[in-house]
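For reference, my_file34.txt is printed below; it contains compact mmCIF, C-alpha atoms.
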```txt
# COMPACT_ATOMS: atom_id res chain seq x y z
CA GLU U 96 15.68 -13.44 15.38
CA MET U 97 14.12 -16.84 14.62
CA LEU U 98 10.66 -15.26 14.74
CA ALA U 99 11.74 -12.59 12.26
CA HIS U 100 13.16 -15.26 9.91
CA PHE U 101 9.93 -17.26 10.11
CA GLN U 102 7.78 -14.22 9.29
CA SER U 103 10.07 -13.11 6.46
CA ILE U 104 9.93 -16.51 4.76
CA THR U 105 6.26 -17.36 5.29
CA GLY U 106 4.89 -13.83 4.95
CA ASN U 107 2.83 -14.31 8.11
CA HIS U 108 3.05 -11.05 10.07
CA ASN U 109 0.72 -12.17 12.85
CA VAL U 110 3.14 -12.48 15.77
CA GLU U 111 0.86 -14.69 17.87
CA GLU U 112 0.26 -17.14 15.02
CA ALA U 113 3.97 -17.24 14.18
CA ILE U 114 4.99 -17.92 17.79
CA SER U 115 2.27 -20.56 18.11
CA CYS U 116 3.54 -22.36 14.99
CA LEU U 117 7.15 -22.24 16.18
CA GLU U 118 6.20 -23.52 19.62
CA ALA U 119 4.18 -26.36 18.08
CA HIS U 120 7.37 -27.53 16.34
CA GLY U 121 9.66 -27.06 19.32
CA TRP U 122 11.13 -23.90 17.80
CA ASN U 123 12.50 -25.92 14.89
CA LEU U 124 12.54 -23.25 12.18
CA ASP U 125 12.76 -25.70 9.28
CA GLU U 126 9.78 -27.79 10.39
CA ALA U 127 7.70 -24.72 11.30
CA VAL U 128 8.22 -23.12 7.88
CA GLN U 129 7.40 -26.34 6.02
CA SER U 130 4.25 -26.76 8.11
CA ALA U 131 3.13 -23.15 7.53
CA LEU U 132 3.68 -23.32 3.78
CA ALA U 133 2.03 -26.72 3.45
CA HIS U 134 -0.97 -25.44 5.40
CA HIS U 135 -1.53 -22.68 2.87
CA GLU U 136 -0.69 -24.70 -0.25
CA ALA U 137 -4.25 -24.93 -1.61
CA PRO U 138 -5.47 -21.60 -3.08
CA ILE U 139 -8.91 -20.25 -2.29
CA MET U 140 -11.13 -20.82 -5.32
CA HIS U 141 -13.94 -18.53 -6.39
CA ASN U 142 -16.32 -20.10 -8.87
CA GLU U 143 -17.94 -17.50 -11.13
CA PRO U 144 -20.05 -17.56 -14.29
CA ALA U 145 -17.97 -17.54 -17.45
CA SER U 146 -19.72 -14.37 -18.59
CA THR U 147 -18.59 -12.40 -15.54
CA LEU U 148 -15.75 -10.03 -16.44
CA ALA U 149 -14.97 -8.91 -12.91
CA ARG U 150 -15.94 -9.70 -9.36
CA ARG U 151 -16.36 -7.19 -6.58
CA SER U 152 -14.65 -8.32 -3.42
CA ASN U 153 -16.45 -8.29 -0.08
CA ALA U 154 -13.74 -5.98 1.21
CA ARG U 155 -15.90 -2.85 1.49
CA HIS U 156 -14.67 -0.71 4.42
CA ARG U 157 -12.27 -3.43 5.58
CA ASP U 158 -9.57 -2.26 7.94
CA THR U 159 -6.18 -2.80 6.29
CA THR U 160 -4.37 -2.76 9.62
CA ASP U 161 -5.45 -6.39 10.12
CA VAL U 162 -2.77 -8.45 8.39
CA PRO U 163 -4.12 -11.79 7.10
CA PRO U 164 -2.19 -15.03 6.78
CA PRO U 165 -0.60 -15.93 3.43
CA GLY U 166 -3.32 -16.33 0.83
CA PRO U 167 -3.83 -17.15 -2.82
CA ALA U 168 -1.13 -14.78 -4.03
CA MET U 169 1.48 -16.93 -2.28
CA ALA U 170 -0.14 -20.06 -3.64
CA GLU U 171 -0.03 -18.61 -7.15
CA MET U 172 3.64 -17.80 -6.81
CA ARG U 173 4.42 -21.27 -5.48
CA GLY U 174 2.48 -22.86 -8.33
CA TRP U 175 4.26 -20.76 -10.93
CA PHE U 176 7.66 -21.52 -9.40
CA HIS U 177 6.92 -25.25 -9.43
CA SER U 178 5.69 -25.18 -13.06
CA VAL U 179 8.85 -23.42 -14.23
CA THR U 180 11.49 -25.23 -12.17
CA GLY U 181 9.84 -28.51 -11.27
CA VAL U 182 10.86 -27.91 -7.66
CA PRO U 183 8.33 -26.99 -4.92
CA LEU U 184 9.03 -23.50 -3.65
CA TRP U 185 8.83 -24.57 -0.01
CA ASN U 186 11.72 -27.00 -0.62
CA VAL U 187 13.90 -24.10 -1.76
CA MET U 188 12.76 -21.99 1.17
CA SER U 189 13.38 -24.76 3.68
CA SER U 190 16.92 -25.15 2.33
CA ALA U 191 17.46 -21.46 2.97
CA VAL U 192 16.06 -21.95 6.47
CA ARG U 193 18.51 -24.76 7.20
CA ILE U 194 21.39 -22.47 6.25
CA ALA U 195 19.93 -19.70 8.41
CA SER U 196 19.47 -22.01 11.39
CA LEU U 197 23.15 -22.94 11.27
CA GLY U 198 24.05 -19.28 11.75
CA THR U 199 25.81 -19.00 8.40
CA ILE U 200 25.11 -16.69 5.47
CA ARG U 201 21.39 -16.45 4.62
CA PRO U 202 21.32 -15.97 0.82
CA ALA U 203 17.53 -15.73 0.47
CA ILE U 204 17.20 -13.09 3.17
CA VAL U 205 20.31 -11.15 2.16
CA SER U 206 19.27 -10.98 -1.49
CA GLU U 207 15.85 -9.60 -0.53
CA SER U 208 17.27 -7.03 1.87
CA ALA U 209 19.64 -5.78 -0.83
CA ARG U 210 16.62 -4.71 -2.91
CA THR U 211 14.63 -1.72 -1.76
CA PRO U 212 10.85 -1.47 -2.28
CA THR U 213 11.30 1.79 -4.18
CA ASN U 214 13.73 0.17 -6.60
CA ASP U 215 11.34 -2.73 -7.14
CA ILE U 216 8.45 -0.37 -7.90
CA GLN U 217 10.56 1.63 -10.33
CA ARG U 218 11.76 -1.58 -11.96
CA PHE U 219 8.19 -2.73 -12.48
CA VAL U 220 7.14 0.63 -13.94
CA ASP U 221 10.07 0.49 -16.37
CA GLU U 222 9.13 -3.05 -17.41
CA LEU U 223 5.50 -2.07 -17.88
CA GLU U 224 6.45 0.89 -20.06
CA ARG U 225 8.76 -1.21 -22.21
CA GLU U 226 5.92 -3.63 -22.94
CA TYR U 227 2.85 -1.38 -23.03
CA GLY U 228 4.11 2.20 -23.33
CA ASN U 229 4.11 5.05 -20.83
CA ASN U 230 0.48 6.13 -21.27
CA HIS U 231 -0.50 4.80 -17.86
CA PRO U 232 -1.61 6.64 -14.69
CA THR U 233 1.29 8.38 -12.99
CA ALA U 234 2.40 6.00 -10.27
CA HIS U 235 3.76 6.98 -6.88
CA ILE U 236 7.27 5.54 -6.71
CA GLY U 237 7.66 4.39 -3.15
CA THR U 238 6.31 1.93 -0.63
CA PHE U 239 2.66 1.05 -0.25
CA ARG U 240 2.62 2.85 3.11
CA SER U 241 4.13 6.00 1.62
CA ALA U 242 1.42 5.96 -1.06
CA VAL U 243 -1.24 5.73 1.68
CA ASP U 244 0.39 8.67 3.46
CA LYS U 245 0.55 10.72 0.24
CA ALA U 246 -3.14 10.17 -0.47
CA LYS U 247 -3.98 11.10 3.11
CA ALA U 248 -1.93 14.31 2.92
CA GLU U 249 -3.59 15.32 -0.36
CA PHE U 250 -7.11 14.29 0.74
CA LYS U 251 -7.47 11.97 -2.23
CA PHE U 252 -8.44 8.36 -2.72
CA LEU U 253 -5.59 5.92 -3.31
CA VAL U 254 -6.03 3.54 -6.24
CA VAL U 255 -3.89 0.40 -5.95
CA TYR U 256 -3.16 -1.86 -8.92
CA LEU U 257 -1.53 -5.23 -8.22
CA HIS U 258 0.02 -6.85 -11.26
CA SER U 259 0.30 -10.60 -11.79
CA PRO U 260 2.60 -11.08 -14.81
CA HIS U 261 1.59 -14.73 -15.28
CA HIS U 262 -2.17 -14.25 -15.22
CA GLU U 263 -3.92 -14.77 -18.56
CA ASP U 264 -5.96 -11.54 -18.27
CA THR U 265 -3.02 -9.29 -17.45
CA PRO U 266 -1.90 -8.44 -21.03
CA ALA U 267 -5.41 -7.46 -22.15
CA PHE U 268 -5.97 -5.35 -19.04
CA CYS U 269 -2.66 -3.51 -19.40
CA ARG U 270 -3.07 -2.96 -23.13
CA GLU U 271 -6.76 -2.01 -23.30
CA THR U 272 -7.48 -0.49 -19.88
CA LEU U 273 -4.49 0.53 -17.79
CA CYS U 274 -2.23 2.01 -20.45
CA THR U 275 -4.73 4.31 -22.16
CA ALA U 276 -4.73 8.09 -22.35
CA PRO U 277 -8.30 8.66 -21.04
CA LEU U 278 -7.66 6.57 -17.92
CA LYS U 279 -4.31 8.27 -17.31
CA GLU U 280 -5.86 11.73 -17.51
CA PHE U 281 -8.80 10.82 -15.28
CA MET U 282 -6.65 9.04 -12.70
CA ASP U 283 -3.99 11.77 -12.55
CA ASP U 284 -6.66 14.43 -11.97
CA ASN U 285 -8.56 12.67 -9.21
CA PHE U 286 -6.49 10.02 -7.43
CA VAL U 287 -3.12 9.03 -6.04
CA PHE U 288 -2.09 5.88 -7.93
CA TRP U 289 0.25 3.11 -6.78
CA MET U 290 1.06 -0.15 -8.51
CA GLY U 291 3.43 -3.06 -8.18
CA SER U 292 4.08 -6.59 -9.36
CA ILE U 293 3.44 -9.42 -6.92
CA VAL U 294 6.76 -10.99 -7.89
CA HIS U 295 8.30 -8.23 -5.76
CA ALA U 296 8.03 -8.25 -1.98
CA GLU U 297 6.32 -4.87 -1.50
CA ALA U 298 3.39 -5.62 -3.83
CA PHE U 299 3.19 -9.23 -2.64
CA ASN U 300 2.86 -8.05 0.96
CA ALA U 301 0.20 -5.58 -0.14
CA SER U 302 -1.70 -8.44 -1.80
CA GLN U 303 -1.76 -10.28 1.54
CA LEU U 304 -2.83 -7.16 3.38
CA LEU U 305 -5.70 -6.59 0.95
CA ARG U 306 -6.66 -10.30 0.80
CA VAL U 307 -6.39 -10.47 -2.98
CA ALA U 308 -8.17 -13.44 -4.56
CA ALA U 309 -8.03 -12.72 -8.31
CA PHE U 310 -6.16 -10.64 -10.88
CA PRO U 311 -5.97 -8.05 -12.30
CA TYR U 312 -6.67 -6.41 -8.94
CA LEU U 313 -7.69 -2.83 -8.26
CA ALA U 314 -8.65 -1.32 -4.92
CA VAL U 315 -9.65 2.15 -3.80
CA LEU U 316 -8.46 3.09 -0.31
CA THR U 317 -9.09 6.05 1.94
CA THR U 318 -8.17 7.20 5.43
CA THR U 319 -11.08 7.91 7.76
CA VAL U 320 -11.34 10.75 10.26
CA ASP U 321 -10.11 8.42 13.03
CA ASN U 322 -6.94 7.76 10.99
CA ARG U 323 -7.86 4.23 9.90
CA THR U 324 -7.01 3.18 6.35
CA THR U 325 -9.90 1.27 4.78
CA VAL U 326 -10.76 -0.29 1.44
CA CYS U 327 -13.72 1.57 -0.05
CA ASP U 328 -14.15 -1.08 -2.72
CA ALA U 329 -12.12 -3.54 -4.79
CA HIS U 330 -12.40 -4.86 -8.33
CA GLU U 331 -10.94 -8.26 -9.19
CA GLY U 332 -10.65 -9.65 -12.71
CA LEU U 333 -10.58 -8.25 -16.22
CA VAL U 334 -12.47 -5.00 -16.71
CA LYS U 335 -12.89 -2.63 -19.65
CA ARG U 336 -11.78 0.98 -19.34
CA GLU U 337 -15.34 2.33 -19.64
CA GLU U 338 -16.55 0.06 -16.83
CA LEU U 339 -13.58 1.02 -14.67
CA ASN U 340 -14.25 4.72 -15.19
CA LEU U 341 -17.91 4.31 -14.20
CA TRP U 342 -16.87 2.38 -11.09
CA LEU U 343 -14.37 5.06 -10.05
CA VAL U 344 -16.80 7.90 -10.77
CA GLY U 345 -19.38 6.15 -8.61
CA LEU U 346 -16.93 5.98 -5.70
CA LEU U 347 -16.02 9.65 -6.11
CA GLU U 348 -19.67 10.64 -6.04
CA SER U 349 -20.66 8.41 -3.13
CA GLN U 350 -17.64 8.78 -0.86
CA GLY U 351 -15.86 11.86 -2.18
CA PRO U 352 -17.87 14.25 0.04
CA GLN U 353 -16.21 12.66 3.08
CA LEU U 354 -12.78 13.68 1.78
CA ILE U 355 -14.08 17.16 0.93
CA ALA U 356 -15.33 17.52 4.50
CA GLN U 357 -12.00 16.31 5.89
CA ARG U 358 -10.12 18.83 3.73
CA ALA U 359 -12.44 21.66 4.82
CA GLU U 360 -11.94 20.72 8.47
CA TRP U 361 -8.15 20.57 8.02
CA GLU U 362 -8.10 23.95 6.25
CA GLU U 363 -10.17 25.47 9.05
CA ARG U 364 -7.71 24.14 11.64
CA GLN U 365 -4.84 25.57 9.60
CA ARG U 366 -6.54 28.98 9.46
CA ASP U 367 -7.12 28.93 13.21
CA ARG U 368 -3.48 27.99 13.79
CA ARG U 369 -2.25 30.82 11.54
CA ILE U 370 -4.51 33.31 13.34
CA ARG U 371 -3.18 32.20 16.72
CA GLU U 372 0.40 32.43 15.48
CA GLU U 373 -0.23 35.93 14.09
CA GLN U 374 -1.85 37.00 17.38
CA ASP U 375 1.06 35.55 19.37
CA LEU U 376 3.53 37.33 17.11
CA ALA U 377 1.67 40.64 17.46
CA PHE U 378 1.58 40.24 21.24
CA GLN U 379 5.31 39.50 21.40
CA GLN U 380 6.05 42.50 19.18
CA SER U 381 3.89 44.75 21.35
CA LEU U 382 5.58 43.43 24.47
CA LEU U 383 9.03 44.15 23.03
CA GLU U 384 7.97 47.68 22.11
CA ASP U 385 6.63 48.30 25.63
CA GLN U 386 9.87 47.00 27.14
CA GLU U 387 11.91 49.22 24.83
CA ARG U 388 9.85 52.29 25.84
CA GLU U 389 10.33 51.43 29.52
CA ARG U 390 14.11 51.12 29.05
CA ALA U 391 14.22 54.45 27.19
CA ALA U 392 12.20 56.19 29.96
CA ALA U 393 14.45 54.70 32.65
CA ALA U 394 17.56 55.87 30.77
CA ALA U 395 16.12 59.40 30.44
CA GLU U 396 15.27 59.47 34.14
CA ARG U 397 18.85 58.45 35.06
CA ALA U 398 20.22 61.16 32.76
CA ARG U 399 18.35 63.87 34.67
```

Translate the structure of the given file into structure tokens.
Amino acid sequence: EMLAHFQSITGNHNVEEAISCLEAHGWNLDEAVQSALAHHEAPIMHNEPASTLARRSNARHRDTTDVPPPGPAMAEMRGWFHSVTGVPLWNVMSSAVRIASLGTIRPAIVSESARTPTNDIQRFVDELEREYGNNHPTAHIGTFRSAVDKAKAEFKFLVVYLHSPHHEDTPAFCRETLCTAPLKEFMDDNFVFWMGSIVHAEAFNASQLLRVAAFPYLAVLTTTVDNRTTVCDAHEGLVKREELNLWLVGLLESQGPQLIAQRAEWEERQRDRRIREEQDLAFQQSLLEDQERERAAAAAERAR
């Protein structure tokens, strides 16, 4: 239970690292959490030319099953919390830990568990529409994992948008790129789309999983033939709609044939399965007819 509390508060889902940190502090949950958060306090900086609108991440074909330690998204949230309240976020978290370690009510954990990821995603979509209108790509309302599964089932790429409400480039991106009719039409026709705000747990966890370093953040994911979910490419920073369209078209042209081949293979397996089922059904029907004829002949023989 202590391990679960540590991972929930720090966002570190690496079991070995979490256990190592707890052991280093004699399984003192308060000290372990403070140490983990202090260790990741400084955000990773990426110096870029001022003229650069967006930076491609080095995440090409990165396996998303490898969960990284808390990164810059957590640092950004801690910095924002401190600027608004004047209180370091880890102080608030450590207070919650002290309550948890005493075996009493855990308000921080209870309040999070009372909110479902689906509700958080829907809440974010509603907030986005109130501010920028509903002319945005149709978003899958559900967890990040369910969006991955949906894209896999439909043999489509998954486009992920992670929203940072306090980033200076977010309003321009939402107004001029995301919430535009041409992008909505193009995205709805070709992709499964999922988005969330990093102030909510589901999107924040996704930002750790994808190793997000800058916002606005877009990633294109796919599932390979060996059932591994990978990032085809990621775009970090402000980007115009025309540039985004060209980027997405390039990915469709370069990596779309792989999905077409997967769909063709799946359809062939489905046809083979249907043929086998039809053959089995015909055989069973023929067998029943033969048995019925044998019973009728036996009955006629007894009647004589």

Quick one: which stretch 295-365 of chain U residues come within 12 Å of stretch 104-125 of chain U, and what is the nearest atom pair for each with the distance in Å to one decimal, counting only C-alpha atoms, rows ordered by chain and ascending number, as a tab-separated table?
```
residue	atom	partner	partner_atom	distance
U:Ala296	CA	U:Gly106	CA	9.4
U:Glu297	CA	U:Gly106	CA	11.1
U:Phe299	CA	U:Gly106	CA	9.0
U:Asn300	CA	U:Gly106	CA	7.3
U:Ala301	CA	U:Gly106	CA	10.8
U:Ser302	CA	U:Gly106	CA	10.9
U:Gln303	CA	U:Gly106	CA	8.3
U:Leu304	CA	U:His108	CA	9.7
```

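Surrounding residues of (8.9, -1.0, -0.3) at most 7 Å away are Thr211, Pro212, Thr213, Gly237, Thr238, Phe239 and Glu297 of chain U (based on all atoms listed in the file).
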
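The space between atom CA of U:Ala242 and atom CA of U:Ala314 spans 13.0 Å.
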
Please identify all polymer residues within 7 Å of stretch 255-268 of chain U, counting all atoms listed in the file, omitting same-chain residues fewer than 6 positions from it, and present them as a PyMOL selection string.
chain U and resi 288-293+298+310-315+333-334

Residues from the last selection, C-alpha atoms, saved as a compact mmCIF listing (two decimals), in the coordinates of the input:
```txt
# COMPACT_ATOMS: atom_id res chain seq x y z
CA PHE U 288 -2.09 5.88 -7.93
CA TRP U 289 0.25 3.11 -6.78
CA MET U 290 1.06 -0.15 -8.51
CA GLY U 291 3.43 -3.06 -8.18
CA SER U 292 4.08 -6.59 -9.36
CA ILE U 293 3.44 -9.42 -6.92
CA ALA U 298 3.39 -5.62 -3.83
CA PHE U 310 -6.16 -10.64 -10.88
CA PRO U 311 -5.97 -8.05 -12.30
CA TYR U 312 -6.67 -6.41 -8.94
CA LEU U 313 -7.69 -2.83 -8.26
CA ALA U 314 -8.65 -1.32 -4.92
CA VAL U 315 -9.65 2.15 -3.80
CA LEU U 333 -10.58 -8.25 -16.22
CA VAL U 334 -12.47 -5.00 -16.71
```

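One finds atom CA of U:Gln357 at 29.5 Å from atom CA of U:Arg336.
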
Could you pull the residues within 8 Å of stretch 247-252 of chain U, counting only C-alpha atoms, minus those fewer than 3 positions along the same chain, as a PDB file with C-alpha atoms, in the coordinates of the input?
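File around_2.pdb, as written:
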```pdb
ATOM      1  CA  VAL U 243      -1.240   5.730   1.680  1.00  0.00           C
ATOM      2  CA  ASP U 244       0.390   8.670   3.460  1.00  0.00           C
ATOM      3  CA  ASN U 285      -8.560  12.670  -9.210  1.00  0.00           C
ATOM      4  CA  PHE U 286      -6.490  10.020  -7.430  1.00  0.00           C
ATOM      5  CA  VAL U 287      -3.120   9.030  -6.040  1.00  0.00           C
ATOM      6  CA  VAL U 315      -9.650   2.150  -3.800  1.00  0.00           C
ATOM      7  CA  LEU U 316      -8.460   3.090  -0.310  1.00  0.00           C
ATOM      8  CA  THR U 317      -9.090   6.050   1.940  1.00  0.00           C
ATOM      9  CA  THR U 318      -8.170   7.200   5.430  1.00  0.00           C
ATOM     10  CA  LEU U 354     -12.780  13.680   1.780  1.00  0.00           C
ATOM     11  CA  ILE U 355     -14.080  17.160   0.930  1.00  0.00           C
ATOM     12  CA  GLN U 357     -12.000  16.310   5.890  1.00  0.00           C
ATOM     13  CA  ARG U 358     -10.120  18.830   3.730  1.00  0.00           C
TER      14      ARG U 358
END
```

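Taking atom CA of U:Arg306 and atom CA of U:Thr324 as endpoints, the distance between them is 14.6 Å.
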
Out of U:Gln350, U:Val294, U:Leu339, U:Leu382, which residue has the shortest atom-to-atom distance to U:Asp215 when counting all atoms listed in the file?
U:Val294

Mind checking which residues fall within 8 Å of U:Asn230, counting only C-alpha atoms, ignoring those fewer than 3 positions away in the same chain, and posting them as a PDB file with C-alpha atoms, keeping the file's coordinate frame?
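So around24.pdb came out as:
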```
ATOM      1  CA  CYS U 274      -2.230   2.010 -20.450  1.00  0.00           C
ATOM      2  CA  THR U 275      -4.730   4.310 -22.160  1.00  0.00           C
ATOM      3  CA  ALA U 276      -4.730   8.090 -22.350  1.00  0.00           C
ATOM      4  CA  LYS U 279      -4.310   8.270 -17.310  1.00  0.00           C
TER       5      LYS U 279
END
```

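Proximity ranking of U:Glu372, U:Met282, U:Val254, U:Ala246 relative to U:Thr319 places U:Ala246 first, based on only C-alpha atoms.
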